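Student: Here it is, the structure, as structure tokens.
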Amino acid sequence: MKTALITGVTGQDGAYLSAFLLDKGYAVHGMRPYAPLDDTANIRSVMDHDHFTLHTGDLTDSGSLMRCLADIAPDEIYNLGAISHVKESFHAPEAALNVNGGGTLKLLEAIRTLNMTDAVRFYQASSSELFGNAPAPQNEHTPFDPCSPYAASKLYAYAITKNYRNAYGLHAANGILFNHESPLRGEEFVTRKITRGIAAILAGKQDHLTLGNLDAKRDWGHARDYVHGMWLMLQQDTPDDYVLATGQARSVRDFVETACAHAGITLEWRGSGLDETGIDTKTGHTLIRIDEKFYRPHEVTHLCGDAAKARDTLGWTPDIGFKALVTDMMNADMAANGVDLSHRNDDNTDHVYTLYAAE
């Protein structure tokens, strides 16, 4: 039985990857920093599995990393732990650097110090934010242009992972993943903010939804597909770096319209810039407002990935399309808000992308 260690296990990707690896017959060890409040909601469906173990550890604490590695002796390490909200990294840039950059270095150095470089395979969660405003589509050869402290910290993590691969022979791969979402996405991210907000409006719990830049374009896929790609990277004989993406970019506006359409709402956009609003054509009610506080200090306007290398080398392609992704998120948030789903008539409503224990 193979053993895997996942840092950041309580996040969206950690939850889906845990379920995926358990289904593959792995023993899965998840690591999370100490939290005074319960933050295990995303992984409750796997926590009772016989081969899942949760550990306390911190990417900024070398001692805890050394102890975890020595105790677990993993075959594969998936470093998903990070301070991952781009806009907030402008408010706490040192924290982003310490966790995302320094934490990756500490984990790699723990592997080297414990003489595990020949025994373990290492996955580093990189990000399409590395590309910033480089011309789309972006692939493994596109020059990086980080536009936030988050992206800069991830660039260091990307580079130091390559350094340990080249200097010490570690089987290490960087996964340059474009935006991937799910019902487990953190509530601070715009996609989940949209689906939760619309569901709350339908439930009468919220009057309207306030957003930032509606015209920013992102390449959105489903996290379930992307964790499969992470695993495939570590199954290769030769380690390398790969872009994972759908190859299709859509704006925040497109996401809002698709989510509203699934909820039975047709939007009409009125005004422009900060005065633009989204109006429910049936009721005339203003559902969407804009506030400049949700704009980034340095906007990234268009991210769209070219995953040809992953397709040709790994055999990876995403299975879950954009509409199915939005449907999955909307159905989950409507159900959570007590909205009746029985009247939904959508080809995708039967495809609920649940975690391991519910399958």
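Residue numbering restarts at 1 for every chain of the structure tokens, chains are lettered A, B, ... in their displayed order, and ligands are numbered from 1 as they appear.
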Which residues, written as a PDB file with N, CA and C atoms, in the first residue's frame, have at least one atom at most 8 Å from Glu268 of chain A, with only C-alpha atoms counted and residues fewer than 3 positions away on the same chain left out?

Tutor:
```
ATOM      1  N   GLY A 278     -26.745  44.542 -12.186  1.00  0.00           N
ATOM      2  CA  GLY A 278     -27.431  43.420 -12.810  1.00  0.00           C
ATOM      3  C   GLY A 278     -28.855  43.361 -12.302  1.00  0.00           C
ATOM      4  N   ILE A 279     -29.826  43.472 -13.224  1.00  0.00           N
ATOM      5  CA  ILE A 279     -31.239  43.562 -12.862  1.00  0.00           C
ATOM      6  C   ILE A 279     -31.958  42.268 -13.223  1.00  0.00           C
ATOM      7  N   ASP A 280     -32.760  41.752 -12.302  1.00  0.00           N
ATOM      8  CA  ASP A 280     -33.633  40.606 -12.580  1.00  0.00           C
ATOM      9  C   ASP A 280     -34.744  41.099 -13.504  1.00  0.00           C
ATOM     10  N   THR A 281     -34.784  40.566 -14.737  1.00  0.00           N
ATOM     11  CA  THR A 281     -35.742  41.072 -15.723  1.00  0.00           C
ATOM     12  C   THR A 281     -37.186  40.772 -15.339  1.00  0.00           C
TER      13      THR A 281
END
```

Student: Give one line per residue of segment 59-122 of chain A that approaches segment 27-42 of chain A to at most 8 Å, naming the two atoms of the closest pair and their distance in Å to one decimal, counting only C-alpha atoms; sort by chain then ascending residue number and deliver it as JSON lines.

Tutor:
```
{"residue": "A:Leu59", "atom": "CA", "partner": "A:Pro33", "partner_atom": "CA", "distance": 7.9}
{"residue": "A:Ile72", "atom": "CA", "partner": "A:His29", "partner_atom": "CA", "distance": 7.6}
{"residue": "A:Gly81", "atom": "CA", "partner": "A:Arg32", "partner_atom": "CA", "distance": 7.9}
```

Student: Include C-alpha atoms and write out the residues we just selected as a tab-separated table (two decimals), in the first residue's frame.

Tutor:
```
chain	number	residue	atom	x	y	z
A	59	LEU	CA	4.72	24.62	6.96
A	72	ILE	CA	4.84	8.78	8.13
A	81	GLY	CA	-0.86	24.08	1.97
```

Student: Name the residues in contact with Asp13 of chain A at a cut-off of 9 Å, using only C-alpha atoms, excluding same-chain residues fewer than 2 positions from it; report them as a PDB file with N, CA, C and O atoms, in the first residue's frame.

Tutor:
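Written out: out_12.pdb:
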```pdb
ATOM      1  N   GLY A   8      -2.158  21.014   3.769  1.00  0.00           N
ATOM      2  CA  GLY A   8      -3.360  21.760   3.386  1.00  0.00           C
ATOM      3  C   GLY A   8      -4.536  20.850   3.117  1.00  0.00           C
ATOM      4  O   GLY A   8      -5.386  21.143   2.269  1.00  0.00           O
ATOM      5  N   VAL A   9      -4.633  19.779   3.872  1.00  0.00           N
ATOM      6  CA  VAL A   9      -5.611  18.733   3.570  1.00  0.00           C
ATOM      7  C   VAL A   9      -7.053  19.179   3.763  1.00  0.00           C
ATOM      8  O   VAL A   9      -7.969  18.617   3.157  1.00  0.00           O
ATOM      9  N   THR A  10      -7.294  20.202   4.592  1.00  0.00           N
ATOM     10  CA  THR A  10      -8.675  20.599   4.862  1.00  0.00           C
ATOM     11  C   THR A  10      -9.241  21.546   3.805  1.00  0.00           C
ATOM     12  O   THR A  10     -10.414  21.907   3.869  1.00  0.00           O
ATOM     13  N   GLY A  11      -8.428  21.944   2.849  1.00  0.00           N
ATOM     14  CA  GLY A  11      -8.923  22.790   1.777  1.00  0.00           C
ATOM     15  C   GLY A  11      -9.637  21.994   0.698  1.00  0.00           C
ATOM     16  O   GLY A  11      -9.734  20.759   0.747  1.00  0.00           O
ATOM     17  N   ALA A  15      -9.275  17.905   0.151  1.00  0.00           N
ATOM     18  CA  ALA A  15     -10.418  17.018   0.344  1.00  0.00           C
ATOM     19  C   ALA A  15     -10.617  16.102  -0.855  1.00  0.00           C
ATOM     20  O   ALA A  15     -10.773  14.879  -0.720  1.00  0.00           O
ATOM     21  N   TYR A  16     -10.619  16.680  -2.057  1.00  0.00           N
ATOM     22  CA  TYR A  16     -10.818  15.861  -3.259  1.00  0.00           C
ATOM     23  C   TYR A  16      -9.648  14.900  -3.484  1.00  0.00           C
ATOM     24  O   TYR A  16      -9.849  13.757  -3.897  1.00  0.00           O
ATOM     25  N   LEU A  17      -8.425  15.360  -3.233  1.00  0.00           N
ATOM     26  CA  LEU A  17      -7.276  14.483  -3.420  1.00  0.00           C
ATOM     27  C   LEU A  17      -7.284  13.339  -2.412  1.00  0.00           C
ATOM     28  O   LEU A  17      -6.958  12.200  -2.758  1.00  0.00           O
ATOM     29  N   SER A  18      -7.657  13.623  -1.166  1.00  0.00           N
ATOM     30  CA  SER A  18      -7.755  12.556  -0.161  1.00  0.00           C
ATOM     31  C   SER A  18      -8.718  11.472  -0.624  1.00  0.00           C
ATOM     32  O   SER A  18      -8.407  10.272  -0.564  1.00  0.00           O
ATOM     33  N   LEU A  80      -0.055  21.116  -0.806  1.00  0.00           N
ATOM     34  CA  LEU A  80      -1.185  21.968  -1.163  1.00  0.00           C
ATOM     35  C   LEU A  80      -1.395  23.097  -0.160  1.00  0.00           C
ATOM     36  O   LEU A  80      -2.218  23.980  -0.402  1.00  0.00           O
ATOM     37  N   HIS A 180      -9.627  26.231 -10.489  1.00  0.00           N
ATOM     38  CA  HIS A 180     -10.475  25.048 -10.382  1.00  0.00           C
ATOM     39  C   HIS A 180     -11.333  25.190  -9.135  1.00  0.00           C
ATOM     40  O   HIS A 180     -10.871  25.567  -8.075  1.00  0.00           O
ATOM     41  N   LEU A 184     -16.814  22.830  -2.600  1.00  0.00           N
ATOM     42  CA  LEU A 184     -15.943  22.947  -1.432  1.00  0.00           C
ATOM     43  C   LEU A 184     -15.032  24.167  -1.503  1.00  0.00           C
ATOM     44  O   LEU A 184     -14.216  24.383  -0.605  1.00  0.00           O
ATOM     45  N   ARG A 185     -15.139  24.958  -2.544  1.00  0.00           N
ATOM     46  CA  ARG A 185     -14.305  26.142  -2.702  1.00  0.00           C
ATOM     47  C   ARG A 185     -14.540  27.086  -1.523  1.00  0.00           C
ATOM     48  O   ARG A 185     -15.661  27.237  -1.039  1.00  0.00           O
ATOM     49  N   ALA A 223     -12.361  20.971  -9.528  1.00  0.00           N
ATOM     50  CA  ALA A 223     -11.257  20.467  -8.711  1.00  0.00           C
ATOM     51  C   ALA A 223     -11.129  18.948  -8.799  1.00  0.00           C
ATOM     52  O   ALA A 223     -10.015  18.410  -8.705  1.00  0.00           O
ATOM     53  N   ARG A 224     -12.231  18.267  -8.980  1.00  0.00           N
ATOM     54  CA  ARG A 224     -12.182  16.800  -9.062  1.00  0.00           C
ATOM     55  C   ARG A 224     -11.296  16.342 -10.212  1.00  0.00           C
ATOM     56  O   ARG A 224     -10.521  15.397 -10.084  1.00  0.00           O
ATOM     57  N   TYR A 226      -8.837  18.087 -11.496  1.00  0.00           N
ATOM     58  CA  TYR A 226      -7.474  18.589 -11.343  1.00  0.00           C
ATOM     59  C   TYR A 226      -6.660  17.761 -10.351  1.00  0.00           C
ATOM     60  O   TYR A 226      -5.441  17.628 -10.509  1.00  0.00           O
ATOM     61  N   VAL A 227      -7.287  17.197  -9.331  1.00  0.00           N
ATOM     62  CA  VAL A 227      -6.515  16.344  -8.418  1.00  0.00           C
ATOM     63  C   VAL A 227      -6.073  15.066  -9.118  1.00  0.00           C
ATOM     64  O   VAL A 227      -5.024  14.499  -8.791  1.00  0.00           O
TER      65      VAL A 227
END
```

Student: Which residues are near Ile290 of chain A? Cut-off 6 Å, only C-alpha atoms, ignore same chain within fewer than 6 positions. Put them as an MDAnalysis selection string.

Tutor: chainID A and resid 210:212 274

Student: Run DSSP on the backbone and tell me which residues of segment 104-166 of chain A come out as helix (DSSP H, G or I); list them as a tab-separated table (two decimals) with all heavy atoms, in the first residue's frame.

Tutor:
```tsv
chain	number	residue	atom	x	y	z
A	104	THR	N	7.41	25.92	1.56
A	104	THR	CA	7.83	24.93	0.55
A	104	THR	C	9.30	24.60	0.72
A	104	THR	O	9.71	23.43	0.66
A	104	THR	CB	7.56	25.48	-0.86
A	104	THR	OG1	6.17	25.76	-0.99
A	104	THR	CG2	7.97	24.48	-1.92
A	105	LEU	N	10.13	25.62	0.93
A	105	LEU	CA	11.56	25.38	1.16
A	105	LEU	C	11.78	24.51	2.39
A	105	LEU	O	12.57	23.55	2.35
A	105	LEU	CB	12.28	26.71	1.33
A	105	LEU	CG	13.76	26.62	1.74
A	105	LEU	CD1	14.57	25.85	0.71
A	105	LEU	CD2	14.33	28.01	1.97
A	106	LYS	N	11.09	24.80	3.48
A	106	LYS	CA	11.27	24.00	4.70
A	106	LYS	C	10.88	22.55	4.48
A	106	LYS	O	11.54	21.63	4.99
A	106	LYS	CB	10.45	24.61	5.84
A	106	LYS	CG	11.01	25.90	6.42
A	106	LYS	CD	10.14	26.43	7.54
A	106	LYS	CE	10.79	27.61	8.27
A	106	LYS	NZ	10.98	28.78	7.42
A	107	LEU	N	9.82	22.32	3.72
A	107	LEU	CA	9.39	20.95	3.45
A	107	LEU	C	10.40	20.22	2.57
A	107	LEU	O	10.76	19.06	2.83
A	107	LEU	CB	8.01	20.98	2.78
A	107	LEU	CG	7.31	19.64	2.52
A	107	LEU	CD1	7.24	18.80	3.79
A	107	LEU	CD2	5.90	19.90	1.98
A	108	LEU	N	10.90	20.90	1.55
A	108	LEU	CA	11.92	20.29	0.69
A	108	LEU	C	13.19	20.00	1.47
A	108	LEU	O	13.83	18.95	1.29
A	108	LEU	CB	12.21	21.22	-0.49
A	108	LEU	CG	11.12	21.33	-1.54
A	108	LEU	CD1	11.38	22.53	-2.45
A	108	LEU	CD2	11.00	20.06	-2.36
A	109	GLU	N	13.57	20.93	2.33
A	109	GLU	CA	14.80	20.73	3.11
A	109	GLU	C	14.63	19.61	4.12
A	109	GLU	O	15.59	18.87	4.41
A	109	GLU	CB	15.18	22.04	3.80
A	109	GLU	CG	16.51	22.03	4.52
A	109	GLU	CD	17.71	21.79	3.62
A	109	GLU	OE1	17.57	21.75	2.37
A	109	GLU	OE2	18.82	21.64	4.16
A	110	ALA	N	13.42	19.44	4.65
A	110	ALA	CA	13.17	18.31	5.55
A	110	ALA	C	13.34	16.99	4.80
A	110	ALA	O	13.90	16.03	5.35
A	110	ALA	CB	11.76	18.42	6.14
A	111	ILE	N	12.84	16.93	3.57
A	111	ILE	CA	13.02	15.72	2.76
A	111	ILE	C	14.50	15.42	2.57
A	111	ILE	O	14.96	14.28	2.73
A	111	ILE	CB	12.33	15.90	1.39
A	111	ILE	CG1	10.82	15.98	1.55
A	111	ILE	CG2	12.70	14.76	0.44
A	111	ILE	CD1	10.09	16.41	0.28
A	112	ARG	N	15.28	16.45	2.24
A	112	ARG	CA	16.71	16.27	2.01
A	112	ARG	C	17.44	15.87	3.30
A	112	ARG	O	18.25	14.94	3.30
A	112	ARG	CB	17.32	17.55	1.44
A	112	ARG	CG	18.77	17.40	0.97
A	112	ARG	CD	19.38	18.75	0.64
A	112	ARG	NE	19.56	19.57	1.83
A	112	ARG	CZ	20.60	19.44	2.67
A	112	ARG	NH1	21.52	18.52	2.46
A	112	ARG	NH2	20.69	20.23	3.72
A	113	THR	N	17.13	16.55	4.39
A	113	THR	CA	17.81	16.29	5.66
A	113	THR	C	17.57	14.88	6.15
A	113	THR	O	18.46	14.23	6.73
A	113	THR	CB	17.35	17.31	6.72
A	113	THR	OG1	17.64	18.63	6.24
A	113	THR	CG2	18.06	17.08	8.04
A	128	SER	N	-1.68	29.38	-11.88
A	128	SER	CA	-1.72	30.18	-13.10
A	128	SER	C	-1.47	31.65	-12.81
A	128	SER	O	-1.15	32.42	-13.74
A	128	SER	CB	-3.08	30.02	-13.79
A	128	SER	OG	-4.13	30.45	-12.94
A	129	GLU	N	-1.58	32.08	-11.54
A	129	GLU	CA	-1.30	33.46	-11.19
A	129	GLU	C	0.15	33.82	-11.48
A	129	GLU	O	0.49	35.01	-11.56
A	129	GLU	CB	-1.63	33.73	-9.73
A	129	GLU	CG	-3.11	33.73	-9.41
A	129	GLU	CD	-3.83	34.97	-9.94
A	129	GLU	OE1	-3.17	36.02	-10.10
A	129	GLU	OE2	-5.04	34.89	-10.19
A	130	LEU	N	1.03	32.82	-11.64
A	130	LEU	CA	2.41	33.10	-12.03
A	130	LEU	C	2.48	33.87	-13.33
A	130	LEU	O	3.39	34.67	-13.55
A	130	LEU	CB	3.19	31.79	-12.19
A	130	LEU	CG	3.42	30.91	-10.97
A	130	LEU	CD1	4.23	29.68	-11.37
A	130	LEU	CD2	4.13	31.66	-9.87
A	131	PHE	N	1.51	33.63	-14.22
A	131	PHE	CA	1.55	34.24	-15.55
A	131	PHE	C	1.12	35.70	-15.55
A	131	PHE	O	1.47	36.45	-16.45
A	131	PHE	CB	0.67	33.45	-16.52
A	131	PHE	CG	1.13	32.04	-16.75
A	131	PHE	CD1	0.33	30.96	-16.41
A	131	PHE	CD2	2.37	31.80	-17.31
A	131	PHE	CE1	0.75	29.66	-16.63
A	131	PHE	CE2	2.81	30.50	-17.53
A	131	PHE	CZ	2.00	29.42	-17.19
A	149	PRO	N	1.57	39.65	-4.39
A	149	PRO	CA	2.46	38.96	-3.45
A	149	PRO	C	2.22	37.45	-3.45
A	149	PRO	O	3.17	36.67	-3.29
A	149	PRO	CB	2.10	39.60	-2.10
A	149	PRO	CG	1.64	40.97	-2.46
A	149	PRO	CD	0.88	40.79	-3.74
A	150	TYR	N	0.96	37.04	-3.59
A	150	TYR	CA	0.66	35.61	-3.67
A	150	TYR	C	1.41	34.98	-4.84
A	150	TYR	O	2.08	33.95	-4.70
A	150	TYR	CB	-0.84	35.39	-3.84
A	150	TYR	CG	-1.21	33.98	-4.25
A	150	TYR	CD1	-1.25	32.96	-3.30
A	150	TYR	CD2	-1.48	33.67	-5.57
A	150	TYR	CE1	-1.57	31.65	-3.67
A	150	TYR	CE2	-1.80	32.38	-5.95
A	150	TYR	CZ	-1.84	31.37	-5.01
A	150	TYR	OH	-2.14	30.08	-5.38
A	151	ALA	N	1.29	35.58	-6.02
A	151	ALA	CA	1.93	35.02	-7.21
A	151	ALA	C	3.45	35.02	-7.05
A	151	ALA	O	4.12	34.06	-7.46
A	151	ALA	CB	1.51	35.82	-8.44
A	152	ALA	N	4.00	36.09	-6.47
A	152	ALA	CA	5.45	36.14	-6.26
A	152	ALA	C	5.91	35.05	-5.31
A	152	ALA	O	6.96	34.42	-5.52
A	152	ALA	CB	5.85	37.52	-5.73
A	153	SER	N	5.14	34.79	-4.25
A	153	SER	CA	5.51	33.74	-3.31
A	153	SER	C	5.42	32.36	-3.97
A	153	SER	O	6.25	31.48	-3.72
A	153	SER	CB	4.62	33.79	-2.08
A	153	SER	OG	3.28	33.40	-2.37
A	154	LYS	N	4.45	32.19	-4.85
A	154	LYS	CA	4.31	30.92	-5.57
A	154	LYS	C	5.42	30.75	-6.61
A	154	LYS	O	5.81	29.63	-6.93
A	154	LYS	CB	2.94	30.85	-6.23
A	154	LYS	CG	1.81	30.47	-5.29
A	154	LYS	CD	1.95	29.02	-4.84
A	154	LYS	CE	0.73	28.52	-4.09
A	154	LYS	NZ	0.82	27.08	-3.73
A	155	LEU	N	5.91	31.85	-7.14
A	155	LEU	CA	7.03	31.78	-8.08
A	155	LEU	C	8.29	31.27	-7.38
A	155	LEU	O	9.03	30.45	-7.93
A	155	LEU	CB	7.28	33.15	-8.71
A	155	LEU	CG	8.43	33.23	-9.71
A	155	LEU	CD1	8.28	32.20	-10.83
A	155	LEU	CD2	8.54	34.64	-10.29
A	156	TYR	N	8.50	31.75	-6.15
A	156	TYR	CA	9.64	31.23	-5.38
A	156	TYR	C	9.47	29.73	-5.14
A	156	TYR	O	10.42	28.96	-5.31
A	156	TYR	CB	9.78	31.96	-4.05
A	156	TYR	CG	10.90	31.39	-3.21
A	156	TYR	CD1	12.21	31.80	-3.39
A	156	TYR	CD2	10.64	30.40	-2.25
A	156	TYR	CE1	13.24	31.25	-2.64
A	156	TYR	CE2	11.66	29.84	-1.51
A	156	TYR	CZ	12.96	30.26	-1.71
A	156	TYR	OH	13.98	29.70	-0.98
A	157	ALA	N	8.27	29.32	-4.74
A	157	ALA	CA	8.04	27.90	-4.48
A	157	ALA	C	8.26	27.06	-5.73
A	157	ALA	O	8.84	25.95	-5.67
A	157	ALA	CB	6.62	27.70	-3.95
A	158	TYR	N	7.80	27.58	-6.88
A	158	TYR	CA	8.02	26.89	-8.16
A	158	TYR	C	9.52	26.73	-8.42
A	158	TYR	O	10.01	25.64	-8.76
A	158	TYR	CB	7.35	27.69	-9.27
A	158	TYR	CG	7.64	27.22	-10.67
A	158	TYR	CD1	6.80	26.30	-11.30
A	158	TYR	CD2	8.74	27.70	-11.38
A	158	TYR	CE1	7.06	25.88	-12.60
A	158	TYR	CE2	9.01	27.28	-12.67
A	158	TYR	CZ	8.17	26.37	-13.28
A	158	TYR	OH	8.43	25.95	-14.56
A	159	ALA	N	10.27	27.83	-8.27
A	159	ALA	CA	11.69	27.81	-8.59
A	159	ALA	C	12.48	26.92	-7.63
A	159	ALA	O	13.37	26.18	-8.06
A	159	ALA	CB	12.24	29.24	-8.58
A	160	ILE	N	12.16	26.97	-6.33
A	160	ILE	CA	12.93	26.17	-5.38
A	160	ILE	C	12.62	24.69	-5.55
A	160	ILE	O	13.48	23.83	-5.32
A	160	ILE	CB	12.67	26.65	-3.92
A	160	ILE	CG1	13.81	26.17	-3.00
A	160	ILE	CG2	11.33	26.19	-3.40
A	160	ILE	CD1	15.15	26.77	-3.32
A	161	THR	N	11.41	24.35	-5.99
A	161	THR	CA	11.09	22.95	-6.28
A	161	THR	C	11.93	22.44	-7.44
A	161	THR	O	12.49	21.33	-7.40
A	161	THR	CB	9.59	22.80	-6.58
A	161	THR	OG1	8.83	23.17	-5.42
A	161	THR	CG2	9.24	21.37	-6.96
A	162	LYS	N	12.04	23.24	-8.50
A	162	LYS	CA	12.90	22.86	-9.62
A	162	LYS	C	14.35	22.74	-9.18
A	162	LYS	O	15.09	21.86	-9.63
A	162	LYS	CB	12.78	23.89	-10.75
A	162	LYS	CG	11.47	23.86	-11.49
A	162	LYS	CD	11.50	24.73	-12.74
A	162	LYS	CE	12.41	24.13	-13.80
A	162	LYS	NZ	12.28	24.85	-15.10
A	163	ASN	N	14.77	23.64	-8.28
A	163	ASN	CA	16.14	23.60	-7.79
A	163	ASN	C	16.45	22.30	-7.07
A	163	ASN	O	17.51	21.69	-7.28
A	163	ASN	CB	16.38	24.80	-6.87
A	163	ASN	CG	17.79	24.84	-6.33
A	163	ASN	OD1	18.05	24.44	-5.20
A	163	ASN	ND2	18.72	25.31	-7.16
A	164	TYR	N	15.54	21.85	-6.21
A	164	TYR	CA	15.77	20.60	-5.49
A	164	TYR	C	15.70	19.40	-6.42
A	164	TYR	O	16.37	18.39	-6.20
A	164	TYR	CB	14.78	20.46	-4.33
A	164	TYR	CG	15.29	21.11	-3.06
A	164	TYR	CD1	15.43	22.49	-2.99
A	164	TYR	CD2	15.64	20.35	-1.95
A	164	TYR	CE1	15.92	23.11	-1.85
A	164	TYR	CE2	16.12	20.95	-0.80
A	164	TYR	CZ	16.27	22.33	-0.75
A	164	TYR	OH	16.76	22.93	0.39
A	165	ARG	N	14.91	19.50	-7.47
A	165	ARG	CA	14.88	18.43	-8.48
A	165	ARG	C	16.22	18.34	-9.19
A	165	ARG	O	16.78	17.25	-9.37
A	165	ARG	CB	13.76	18.71	-9.48
A	165	ARG	CG	13.61	17.67	-10.57
A	165	ARG	CD	12.35	17.91	-11.36
A	165	ARG	NE	12.44	19.05	-12.26
A	165	ARG	CZ	11.41	19.80	-12.65
A	165	ARG	NH1	10.19	19.54	-12.18
A	165	ARG	NH2	11.58	20.81	-13.47
A	166	ASN	N	16.76	19.48	-9.58
A	166	ASN	CA	18.00	19.49	-10.37
A	166	ASN	C	19.24	19.27	-9.50
A	166	ASN	O	20.20	18.62	-9.94
A	166	ASN	CB	18.12	20.81	-11.11
A	166	ASN	CG	17.03	21.00	-12.14
A	166	ASN	OD1	16.52	20.04	-12.70
A	166	ASN	ND2	16.64	22.26	-12.40
```

Student: Just to confirm, what's the straight-line distance from atom CA of Gly175 of chain A to atom CA of Ala259 of chain A in Å (one decimal)?

Tutor: 28.4 Å
